[in-house]
>>> print(open('final.cif').read())   # mmCIF, C-alpha atoms
data_coords
loop_
_atom_site.label_atom_id
_atom_site.label_comp_id
_atom_site.auth_asym_id
_atom_site.auth_seq_id
_atom_site.Cartn_x
_atom_site.Cartn_y
_atom_site.Cartn_z
CA MET J 237 -11.31 12.83 11.88
CA PRO J 238 -7.53 12.66 11.40
CA ARG J 239 -6.07 13.96 8.17
CA ARG J 240 -2.90 13.34 6.21
CA SER J 241 -0.28 15.90 7.00
CA PRO J 242 2.44 16.54 4.42
CA ARG J 243 4.59 13.91 6.09
CA GLY J 244 2.12 11.19 6.95
CA LEU J 245 -0.70 9.06 5.64
CA THR J 246 -3.36 8.58 8.28
CA ALA J 247 -5.84 5.79 8.76
CA ALA J 248 -8.96 7.56 9.92
CA ALA J 249 -12.12 6.01 11.28
CA THR J 250 -15.33 7.22 12.79
CA ALA J 251 -14.91 4.55 15.45
CA ALA J 252 -11.49 5.91 16.42
CA VAL J 253 -9.28 3.61 14.37
CA ALA J 254 -5.75 5.04 14.54
CA LEU J 255 -5.27 5.07 11.93
CA PHE J 256 4.92 -2.45 -23.44
CA THR J 257 1.29 -3.76 -22.98
CA LEU J 258 1.25 -5.92 -19.95
CA ALA J 259 -1.09 -8.78 -19.38
CA GLY J 260 -1.59 -10.90 -16.31
CA PRO J 261 -1.79 -10.75 -12.53
CA ALA J 262 1.01 -10.08 -10.08
CA SER J 263 0.62 -13.47 -8.48
CA ALA J 264 3.20 -15.80 -7.06
CA SER J 265 2.95 -17.92 -10.20
CA GLY J 266 3.60 -14.99 -12.55
CA PRO J 267 1.52 -13.36 -15.25
CA ALA J 268 -1.12 -15.19 -17.22
CA PRO J 269 -2.13 -14.19 -20.76
CA ALA J 270 -4.85 -11.55 -20.73
CA ALA J 271 -4.63 -9.86 -24.12
CA SER J 272 -8.40 -9.83 -24.46
CA LEU J 273 -8.97 -7.99 -21.18
CA PRO J 274 -9.72 -4.25 -21.00
CA GLN J 275 -6.59 -2.13 -20.84
CA GLY J 276 -5.77 0.87 -18.65
CA ARG J 277 -2.93 3.37 -18.53
CA VAL J 278 -1.17 3.54 -15.17
CA PHE J 279 2.14 4.59 -13.68
CA MET J 280 4.74 1.89 -13.11
CA VAL J 281 4.38 2.40 -9.35
CA ASN J 282 5.24 6.12 -9.65
CA PRO J 283 7.15 8.39 -12.05
CA VAL J 284 10.06 9.15 -9.72
CA GLN J 285 10.62 5.50 -8.95
CA SER J 286 10.53 4.34 -12.57
CA SER J 287 12.61 7.23 -13.97
CA GLY J 288 14.95 8.02 -11.08
CA ASP J 289 14.37 11.72 -11.78
CA GLN J 290 14.22 13.53 -8.43
CA THR J 291 13.55 16.90 -10.16
CA LEU J 292 10.04 16.02 -11.33
CA THR J 293 7.30 18.39 -10.17
CA ASP J 294 3.53 18.27 -10.18
CA ALA J 295 3.08 21.33 -12.44
CA LYS J 296 -0.64 21.46 -11.61
CA ASP J 297 -1.41 18.02 -13.01
CA ALA J 298 0.20 18.78 -16.38
CA ALA J 299 0.42 15.67 -18.55
CA ASP J 300 3.89 16.60 -19.79
CA ALA J 301 5.31 17.06 -16.27
CA VAL J 302 6.30 13.41 -16.26
CA PRO J 303 8.01 11.42 -19.02
CA ALA J 304 5.85 9.31 -21.29
CA SER J 305 8.03 6.37 -20.27
CA ALA J 306 6.55 6.56 -16.73
CA TYR J 307 3.25 5.23 -18.06
CA THR J 308 2.41 1.73 -19.16
CA THR J 309 -0.73 0.11 -20.50
CA THR J 310 -1.82 -2.96 -18.64
CA ALA J 311 -4.76 -5.32 -18.25
CA LEU J 312 -7.54 -4.30 -15.88
CA ARG J 313 -8.44 -7.63 -14.37
CA ASN J 314 -11.50 -8.87 -12.49
CA LEU J 315 -13.85 -6.17 -13.80
CA ASP J 316 -17.58 -6.78 -13.81
CA ALA J 317 -19.81 -6.03 -16.80
CA SER J 318 -20.85 -2.53 -15.69
CA GLY J 319 -18.48 -0.66 -17.98
CA GLY J 320 -17.06 1.22 -14.99
CA LEU J 321 -14.19 0.56 -12.61
CA SER J 322 -16.03 -2.02 -10.55
CA GLY J 323 -15.02 -5.59 -10.04
CA LYS J 324 -14.22 -8.51 -7.78
CA TRP J 325 -11.67 -6.76 -5.58
CA ALA J 326 -12.38 -3.03 -5.98
CA TYR J 327 -14.95 -0.50 -7.03
CA VAL J 328 -14.08 3.13 -7.57
CA ARG J 329 -16.28 6.20 -7.33
CA SER J 330 -15.43 9.79 -8.25
CA GLU J 331 -16.48 12.72 -6.07
CA THR J 332 -15.23 15.59 -8.22
CA GLY J 333 -15.77 14.69 -11.85
CA PRO J 334 -17.10 12.14 -14.32
CA SER J 335 -16.44 8.50 -13.62
CA ALA J 336 -13.92 6.69 -15.77
CA ASN J 337 -15.18 4.45 -18.53
CA VAL J 338 -13.37 1.17 -19.03
CA ALA J 339 -13.53 1.73 -22.78
CA ASP J 340 -11.43 4.89 -22.39
CA ALA J 341 -9.13 3.70 -19.60
CA ALA J 342 -6.11 3.28 -21.87
CA ARG J 343 -6.14 6.89 -23.05
CA TYR J 344 -6.31 8.84 -19.76
CA ASN J 345 -3.24 10.64 -18.44
CA ARG J 346 -2.55 12.50 -15.21
CA ALA J 347 -4.26 15.65 -16.50
CA ASP J 348 -7.52 13.68 -16.36
CA ASP J 349 -9.25 13.01 -13.04
CA GLN J 350 -10.18 9.63 -14.45
CA PHE J 351 -6.51 8.61 -14.54
CA GLU J 352 -6.48 8.49 -10.74
CA GLN J 353 -9.55 6.30 -10.80
CA VAL J 354 -7.80 3.84 -13.11
CA MET J 355 -4.73 3.90 -10.87
CA ALA J 356 -6.82 3.18 -7.80
CA TYR J 357 -8.63 0.27 -9.43
CA PHE J 358 -5.50 -1.31 -10.84
CA TRP J 359 -3.41 -1.06 -7.69
CA VAL J 360 -6.10 -2.15 -5.22
CA ASN J 361 -6.73 -5.15 -7.45
CA GLU J 362 -2.97 -5.73 -7.67
CA ALA J 363 -2.59 -5.69 -3.89
CA GLN J 364 -5.37 -8.21 -3.36
CA GLU J 365 -4.02 -10.44 -6.11
CA TYR J 366 -0.65 -10.33 -4.39
CA LEU J 367 -2.24 -11.51 -1.13
CA GLN J 368 -4.15 -14.20 -3.01
CA GLY J 369 -0.87 -15.31 -4.55
CA LEU J 370 0.56 -15.77 -1.04
CA GLY J 371 -2.25 -18.23 -0.32
CA PHE J 372 -4.63 -15.93 1.54
CA GLY J 373 -8.13 -16.92 0.51
CA SER J 374 -7.10 -20.49 -0.33
CA GLU J 375 -4.74 -22.37 2.01
CA LEU J 376 -4.79 -19.45 4.48
CA PRO J 377 -7.75 -17.32 5.59
CA GLY J 378 -8.75 -14.56 3.21
CA VAL J 379 -7.73 -10.98 4.02
CA ASN J 380 -10.10 -8.27 2.81
CA ASN J 381 -11.09 -10.54 -0.06
CA ARG J 382 -14.05 -8.42 -1.09
CA ALA J 383 -14.72 -5.52 -3.43
CA GLN J 384 -12.96 -2.65 -1.66
CA PRO J 385 -14.88 0.65 -1.91
CA VAL J 386 -12.69 3.57 -3.05
CA ARG J 387 -13.63 7.22 -3.45
CA ILE J 388 -11.42 9.66 -5.31
CA ASN J 389 -11.01 13.29 -4.17
CA GLN J 390 -13.56 12.96 -1.40
CA TYR J 391 -12.82 16.39 0.03
CA GLY J 392 -10.65 17.96 -2.66
CA ALA J 393 -7.85 18.19 -0.09
CA ASP J 394 -4.38 16.67 0.13
CA ASN J 395 -5.40 13.83 2.38
CA SER J 396 -6.02 10.12 2.06
CA PHE J 397 -7.37 7.74 4.65
CA PHE J 398 -9.28 4.58 5.42
CA THR J 399 -12.50 4.97 7.36
CA ASP J 400 -14.29 2.10 9.05
CA LYS J 401 -17.67 3.85 8.77
CA LYS J 402 -18.08 2.23 5.36
CA ALA J 403 -14.77 0.31 5.35
CA GLU J 404 -13.87 2.71 2.57
CA ILE J 405 -10.64 4.22 1.24
CA ARG J 406 -10.69 7.89 0.23
CA PHE J 407 -8.02 9.66 -1.81
CA GLY J 408 -7.56 13.41 -1.99
CA LYS J 409 -5.98 16.09 -4.14
CA GLY J 410 -3.26 18.64 -3.61
CA SER J 411 0.22 18.88 -5.07
CA VAL J 412 0.62 15.38 -6.51
CA ASP J 413 -2.87 13.91 -6.29
CA ASP J 414 -2.66 11.01 -3.89
CA ALA J 415 -3.97 8.29 -6.20
CA GLU J 416 -1.18 9.06 -8.70
CA ASP J 417 1.27 7.19 -6.48
CA ALA J 418 0.75 3.44 -6.20
CA GLU J 419 2.49 3.35 -2.84
CA VAL J 420 -0.04 5.78 -1.38
CA ILE J 421 -2.87 3.65 -2.74
CA ILE J 422 -1.43 0.45 -1.31
CA HIS J 423 -0.57 2.06 2.03
CA GLU J 424 -4.24 2.88 2.53
CA TYR J 425 -5.20 -0.60 1.39
CA GLY J 426 -2.99 -1.90 4.19
CA HIS J 427 -5.31 -0.22 6.69
CA ALA J 428 -8.28 -1.92 5.04
CA VAL J 429 -6.48 -5.26 5.36
CA HIS J 430 -5.85 -4.70 9.07
CA HIS J 431 -9.47 -3.70 9.66
CA ALA J 432 -10.71 -6.79 7.83
CA GLN J 433 -8.48 -9.02 9.94
CA VAL J 434 -9.17 -7.27 13.27
CA PRO J 435 -12.19 -4.93 13.15
CA GLY J 436 -11.38 -1.62 14.80
CA PHE J 437 -7.65 -2.26 14.69
CA GLY J 438 -5.48 0.61 15.90
CA THR J 439 -7.12 1.80 19.12
CA SER J 440 -3.84 2.29 21.00
CA PRO J 441 -0.82 4.38 19.98
CA GLU J 442 1.35 1.31 19.44
CA ALA J 443 -1.34 -0.48 17.45
CA GLY J 444 -1.78 2.67 15.36
CA ALA J 445 1.96 2.72 14.69
CA ILE J 446 1.85 -0.94 13.64
CA GLY J 447 -0.94 -0.06 11.22
CA GLU J 448 1.06 2.75 9.63
CA ALA J 449 4.13 0.53 9.44
CA PHE J 450 2.29 -2.31 7.76
CA GLY J 451 0.78 0.08 5.22
CA ASP J 452 4.25 1.35 4.33
CA TYR J 453 5.70 -2.14 4.17
CA LEU J 454 2.86 -3.51 2.03
CA ALA J 455 3.24 -0.56 -0.34
CA VAL J 456 6.94 -1.29 -0.84
CA GLU J 457 6.33 -5.02 -1.18
CA VAL J 458 3.50 -4.92 -3.72
CA GLY J 459 5.33 -2.33 -5.80
CA ALA J 460 8.51 -4.40 -5.76
CA HIS J 461 6.60 -7.53 -6.73
CA ALA J 462 4.91 -5.75 -9.63
CA ASP J 463 8.28 -4.45 -10.84
CA THR J 464 9.62 -7.99 -10.88
CA VAL J 465 6.61 -9.63 -12.51
CA TYR J 466 6.16 -7.01 -15.21
CA GLY J 467 9.80 -6.13 -15.76
CA TRP J 468 9.31 -2.50 -14.81
CA PRO J 469 12.34 -0.32 -14.06
CA ARG J 470 13.11 0.68 -10.49
CA GLN J 471 15.52 3.60 -10.33
CA THR J 472 15.13 4.58 -6.66
CA ASP J 473 15.75 2.95 -3.32
CA LEU J 474 13.42 0.05 -2.52
CA ALA J 475 13.00 1.17 1.10
CA CYS J 476 11.68 4.61 0.14
CA VAL J 477 7.90 5.02 0.34
CA ALA J 478 5.90 7.28 -2.01
CA ASP J 479 8.74 8.97 -3.90
CA TRP J 480 6.29 10.83 -6.17
CA ASP J 481 3.65 11.95 -3.69
CA SER J 482 6.35 13.37 -1.42
CA ILE J 483 8.05 15.70 -3.92
CA SER J 484 6.47 18.82 -2.42
CA TYR J 485 7.26 18.09 1.23
CA SER J 486 10.56 16.20 1.31
CA ALA J 487 14.10 16.90 0.20
CA ALA J 488 15.60 14.85 -2.61
CA PRO J 489 15.84 11.94 -2.72
CA HIS J 490 12.11 12.24 -2.00
CA CYS J 491 10.48 9.85 0.48
CA LEU J 492 7.35 10.03 2.57
CA ARG J 493 8.99 7.60 5.00
CA ARG J 494 11.46 4.75 4.86
CA VAL J 495 11.21 1.14 5.98
CA ASP J 496 14.94 0.72 6.67
CA GLY J 497 15.43 3.32 9.38
CA THR J 498 17.45 2.97 12.57
CA LYS J 499 14.81 3.76 15.19
CA VAL J 500 14.40 1.52 18.21
CA TYR J 501 11.68 1.21 20.82
CA ALA J 502 13.26 3.89 23.04
CA ASP J 503 12.87 6.38 20.17
CA LYS J 504 9.07 6.36 20.39
CA VAL J 505 7.52 9.83 20.39
CA GLY J 506 3.83 8.96 20.54
CA GLU J 507 3.07 9.83 16.90
CA VAL J 508 1.91 6.84 14.90
CA HIS J 509 3.72 7.59 11.64
CA ALA J 510 7.04 8.32 13.34
CA ASP J 511 6.78 5.34 15.67
CA GLY J 512 5.68 3.12 12.80
CA GLU J 513 9.21 3.35 11.41
CA ILE J 514 10.33 1.12 14.30
CA TRP J 515 7.93 -1.65 13.29
CA SER J 516 8.37 -1.29 9.53
CA ARG J 517 12.14 -1.74 9.88
CA ALA J 518 11.51 -5.00 11.74
CA LEU J 519 9.22 -6.18 8.93
CA PHE J 520 11.80 -5.21 6.32
CA ASP J 521 14.47 -7.16 8.22
CA ILE J 522 12.19 -10.21 8.40
CA ARG J 523 11.84 -9.95 4.63
CA GLY J 524 15.60 -9.85 4.29
CA ALA J 525 16.03 -12.89 6.51
CA LEU J 526 13.25 -15.13 5.18
CA GLY J 527 12.68 -13.86 1.65
CA ALA J 528 9.66 -11.85 0.56
CA ARG J 529 7.14 -14.65 0.11
CA THR J 530 7.80 -16.48 3.37
CA ALA J 531 8.08 -13.24 5.32
CA ASP J 532 4.83 -11.89 3.98
CA ARG J 533 2.93 -15.08 4.67
CA VAL J 534 4.12 -14.91 8.28
CA ILE J 535 3.60 -11.16 8.71
CA VAL J 536 0.07 -11.09 7.33
CA ASN J 537 -1.06 -14.36 8.92
CA ALA J 538 0.18 -13.19 12.33
CA GLN J 539 -2.07 -10.15 12.17
CA PHE J 540 -5.16 -12.32 12.64
CA GLY J 541 -3.90 -12.81 16.20
CA PHE J 542 -3.51 -9.13 17.05
CA ALA J 543 -5.89 -7.27 19.34
CA PRO J 544 -7.33 -3.88 18.28
CA ASP J 545 -5.09 -2.23 20.89
CA THR J 546 -2.11 -4.56 20.59
CA SER J 547 1.27 -3.49 21.89
CA PHE J 548 4.57 -3.85 20.04
CA GLN J 549 5.53 -6.59 22.47
CA ASP J 550 2.35 -8.64 22.04
CA ALA J 551 2.35 -8.23 18.26
CA ALA J 552 6.01 -9.23 18.05
CA LEU J 553 5.47 -12.33 20.18
CA THR J 554 2.44 -13.28 18.05
CA THR J 555 4.50 -12.89 14.87
CA ILE J 556 7.33 -15.02 16.28
CA ALA J 557 4.87 -17.74 17.28
CA THR J 558 3.25 -17.63 13.85
CA ALA J 559 6.63 -18.04 12.16
CA GLU J 560 7.40 -21.10 14.30
CA ARG J 561 3.99 -22.64 13.63
CA MET J 562 4.29 -22.10 9.87
CA TYR J 563 7.99 -22.66 9.20
CA GLY J 564 9.70 -23.91 12.34
CA LYS J 565 12.24 -22.75 14.88
CA SER J 566 14.80 -21.27 12.50
CA ALA J 567 12.21 -18.96 10.97
CA ALA J 568 10.98 -17.98 14.42
CA ASP J 569 14.54 -17.22 15.49
CA ALA J 570 15.03 -14.96 12.47
CA VAL J 571 11.84 -13.06 13.28
CA ARG J 572 12.89 -12.72 16.91
CA VAL J 573 16.26 -11.28 15.85
CA ALA J 574 14.48 -8.64 13.76
CA PHE J 575 12.33 -7.51 16.68
CA LYS J 576 15.20 -7.66 19.18
CA ALA J 577 17.20 -5.38 16.91
CA ARG J 578 14.42 -2.78 17.41
CA GLN J 579 14.81 -3.34 21.15
CA ILE J 580 11.17 -4.22 21.60
CA PRO J 581 10.71 -5.31 25.23
CA GLY J 582 9.99 -8.90 26.05
CA VAL J 583 11.20 -10.56 22.87
#
>>> encode(input="final.cif", output="structure tokens")
Amino acid sequence: MPRRSPRGLTAAATAAVALFTLAGPASASGPAPAASLPQGRVFMVNPVQSSGDQTLTDAKDAADAVPASAYTTTALRNLDASGGLSGKWAYVRSETGPSANVADAARYNRADDQFEQVMAYFWVNEAQEYLQGLGFGSELPGVNNRAQPVRINQYGADNSFFTDKKAEIRFGKGSVDDAEDAEVIIHEYGHAVHHAQVPGFGTSPEAGAIGEAFGDYLAVEVGAHADTVYGWPRQTDLACVADWDSISYSAAPHCLRRVDGTKVYADKVGEVHADGEIWSRALFDIRGALGARTADRVIVNAQFGFAPDTSFQDAALTTIATAERMYGKSAADAVRVAFKARQIPGV
């Protein structure tokens, strides 16, 4: 089963898938009052991003290794009545320590294993609410609109992945624990979204690269949307993925990967994370051309038409056709320009 190396998050699957108190949802219509909902302490995406401090270190999970201003307390929406982190869009299980109690969720910090559980619940829920706000599950087909199973510290190793054995996301430990960075959480949720849309997605190298690229892009997009809706500070580059998780394996300014790179199709090396930077740049350019909401409706809706082993060319052509069907020729032309700039054949 593939693992996450220091420079890449991997979607893994047993079937060979390449793998301020805030209240209200991050939906397209903005936050709704939720003062009576249970509250949880989370990072505003991640501590490097919200503070801009590239010198932060893990310090063995020390609570005082990050500024208090990196935390916020926010509503935990869509919970069921179990008293645990289980609800409409996510349920979280711990493998290495006691499970978090909703009643205590506002007091945990990063020295507590339960803090990662709260992070995972909040950000998986946030990602699905973002998709719902785009119309998926109402005017458009739902995408992974179910309670997503999440396990924290499955192996006690620095690795996170999605597995299609149980359609489950698993987050590991090591240096910065993976579920401390919202962009790591959402990246893995991107794999779950792809699998829900196209079961077994990622069976070819190019499809695997598309999966990694979409996970990176979705992570950036959901984090950016949350920053806007909640008024959170962003002190680092939007295009940088997982600024906090990557502190131990990247030079400052820390990034796991970027979604605004210069790679083109001829730069493929056959490694899904590296090659994914070709596709993620195209998605980021589509966002720039069409605006976030329109771009994301096109990008996600197009994925229903992908094959498990889709090529860059076929996926690009499907995305262009989806843009034309949804928004007309000018939108399709903008999408085509983005893919042509990556020199993807046949577009």
>>> resolve_selection(input="final.cif", expression="the PyMOL selection byres ((chain J and resi 481-489) around 10)", output="ChimeraX atom specification")
/J:241-244,282-284,288-294,410-420,472-473,476-480,490-493
>>> atom_distance(input="final.cif", atom1="CA of Val534 (chain J)", atom2="CA of Gly512 (chain J)")
18.7 Å
>>> residues_around(input="final.cif", residues="Ile556 (chain J)", least_positions_apart="4", cutoff="12 Å", atoms="all atoms listed in the file", output="CSV table (one decimal) with C-alpha atoms, keeping the file's coordinate frame")
chain,number,residue,atom,x,y,z
J,518,ALA,CA,11.5,-5.0,11.7
J,519,LEU,CA,9.2,-6.2,8.9
J,522,ILE,CA,12.2,-10.2,8.4
J,531,ALA,CA,8.1,-13.2,5.3
J,534,VAL,CA,4.1,-14.9,8.3
J,535,ILE,CA,3.6,-11.2,8.7
J,537,ASN,CA,-1.1,-14.4,8.9
J,538,ALA,CA,0.2,-13.2,12.3
J,539,GLN,CA,-2.1,-10.2,12.2
J,541,GLY,CA,-3.9,-12.8,16.2
J,549,GLN,CA,5.5,-6.6,22.5
J,550,ASP,CA,2.4,-8.6,22.0
J,551,ALA,CA,2.4,-8.2,18.3
J,552,ALA,CA,6.0,-9.2,18.0
J,560,GLU,CA,7.4,-21.1,14.3
J,561,ARG,CA,4.0,-22.6,13.6
J,562,MET,CA,4.3,-22.1,9.9
J,563,TYR,CA,8.0,-22.7,9.2
J,564,GLY,CA,9.7,-23.9,12.3
J,565,LYS,CA,12.2,-22.8,14.9
J,566,SER,CA,14.8,-21.3,12.5
J,567,ALA,CA,12.2,-19.0,11.0
J,568,ALA,CA,11.0,-18.0,14.4
J,569,ASP,CA,14.5,-17.2,15.5
J,570,ALA,CA,15.0,-15.0,12.5
J,571,VAL,CA,11.8,-13.1,13.3
J,572,ARG,CA,12.9,-12.7,16.9
J,573,VAL,CA,16.3,-11.3,15.8
J,574,ALA,CA,14.5,-8.6,13.8
J,575,PHE,CA,12.3,-7.5,16.7
J,576,LYS,CA,15.2,-7.7,19.2
J,582,GLY,CA,10.0,-8.9,26.0
J,583,VAL,CA,11.2,-10.6,22.9
>>> atom_distance(input="final.cif", atom1="CA of Gln433 (chain J)", atom2="CA of Ala383 (chain J)")
15.2 Å
>>> residues_around(input="final.cif", residues="Phe358 (chain J)", least_positions_apart="2", cutoff="10 Å", atoms="all atoms listed in the file", output="list in words")
Gly276, Arg277, Val278, Thr310, Ala311, Leu312, Arg313, Asn314, Leu321, Trp325, Ala326, Glu352, Gln353, Val354, Met355, Ala356, Val360, Asn361, Glu362, Ala363, Ala418 and Ile421 of chain J
>>> resolve_selection(input="final.cif", expression="the PyMOL selection byres ((chain J and resi 320) around 12)", output="PyMOL selection string")
chain J and resi 274+276+312+314-319+321-323+326-330+334-341+350+353-354+357
>>> atom_distance(input="final.cif", atom1="CA of Ser287 (chain J)", atom2="CA of Gly459 (chain J)")
14.5 Å
>>> resolve_selection(input="final.cif", expression="the PyMOL selection byres ((chain J and resi 451) around 7)", output="list in words")
Ile422, His423, Glu424, Gly426, His427, Gly447, Glu448, Ala449, Phe450, Asp452, Tyr453, Leu454 and Ala455 of chain J
>>> closest_residue(input="final.cif", among="J:Gly497, J:Pro581, J:Pro544, J:Pro303", to="Pro435 (chain J)", atoms="only C-alpha atoms")
J:Pro544
>>> axis_aligned_box(input="final.cif", around="region 563-568 of chain J", padding_each_side="4 Å", output="AutoDock Vina command-line options")
--center_x 11.4 --center_y -20.9 --center_z 12.0 --size_x 14.8 --size_y 13.9 --size_z 13.7
>>> closest_residue(input="final.cif", among="J:Leu367, J:Val379, J:Ala475, J:Ala301", to="Asn345 (chain J)", atoms="only C-alpha atoms")
J:Ala301
>>> closest_residue(input="final.cif", among="J:Ile580, J:Val536, J:Ala559, J:Val456", to="Leu376 (chain J)", atoms="all atoms listed in the file")
J:Val536
>>> decode(input="final.cif", residues="region 525-539 of chain J", atoms="N, CA and C atoms", output="compact mmCIF listing (two decimals), in the first residue's frame")
# COMPACT_ATOMS: atom_id res chain seq x y z
N ALA J 525 -9.54 32.49 -14.50
CA ALA J 525 -10.28 32.96 -15.67
C ALA J 525 -11.79 33.08 -15.42
N LEU J 526 -12.35 32.14 -14.67
CA LEU J 526 -13.80 32.06 -14.51
C LEU J 526 -14.29 32.52 -13.15
N GLY J 527 -13.38 32.69 -12.20
CA GLY J 527 -13.79 32.93 -10.82
C GLY J 527 -13.97 31.61 -10.10
N ALA J 528 -13.80 31.63 -8.79
CA ALA J 528 -13.75 30.39 -8.02
C ALA J 528 -15.04 29.58 -8.14
N ARG J 529 -16.18 30.20 -7.96
CA ARG J 529 -17.42 29.44 -7.94
C ARG J 529 -17.71 28.78 -9.28
N THR J 530 -17.66 29.53 -10.35
CA THR J 530 -17.93 28.96 -11.67
C THR J 530 -16.91 27.89 -12.01
N ALA J 531 -15.64 28.18 -11.75
CA ALA J 531 -14.59 27.20 -12.05
C ALA J 531 -14.82 25.91 -11.30
N ASP J 532 -15.15 26.01 -10.03
CA ASP J 532 -15.27 24.80 -9.24
C ASP J 532 -16.51 23.99 -9.62
N ARG J 533 -17.56 24.66 -10.00
CA ARG J 533 -18.73 23.93 -10.49
C ARG J 533 -18.38 23.15 -11.76
N VAL J 534 -17.62 23.76 -12.64
CA VAL J 534 -17.20 23.07 -13.87
C VAL J 534 -16.24 21.94 -13.55
N ILE J 535 -15.21 22.23 -12.77
CA ILE J 535 -14.15 21.25 -12.49
C ILE J 535 -14.72 20.00 -11.83
N VAL J 536 -15.53 20.19 -10.80
CA VAL J 536 -16.07 19.04 -10.08
C VAL J 536 -17.12 18.31 -10.91
N ASN J 537 -17.99 19.04 -11.58
CA ASN J 537 -19.02 18.38 -12.39
C ASN J 537 -18.41 17.56 -13.52
N ALA J 538 -17.32 18.07 -14.10
CA ALA J 538 -16.67 17.34 -15.19
C ALA J 538 -16.16 15.98 -14.74
N GLN J 539 -15.78 15.87 -13.49
CA GLN J 539 -15.17 14.63 -13.01
C GLN J 539 -16.12 13.44 -13.04
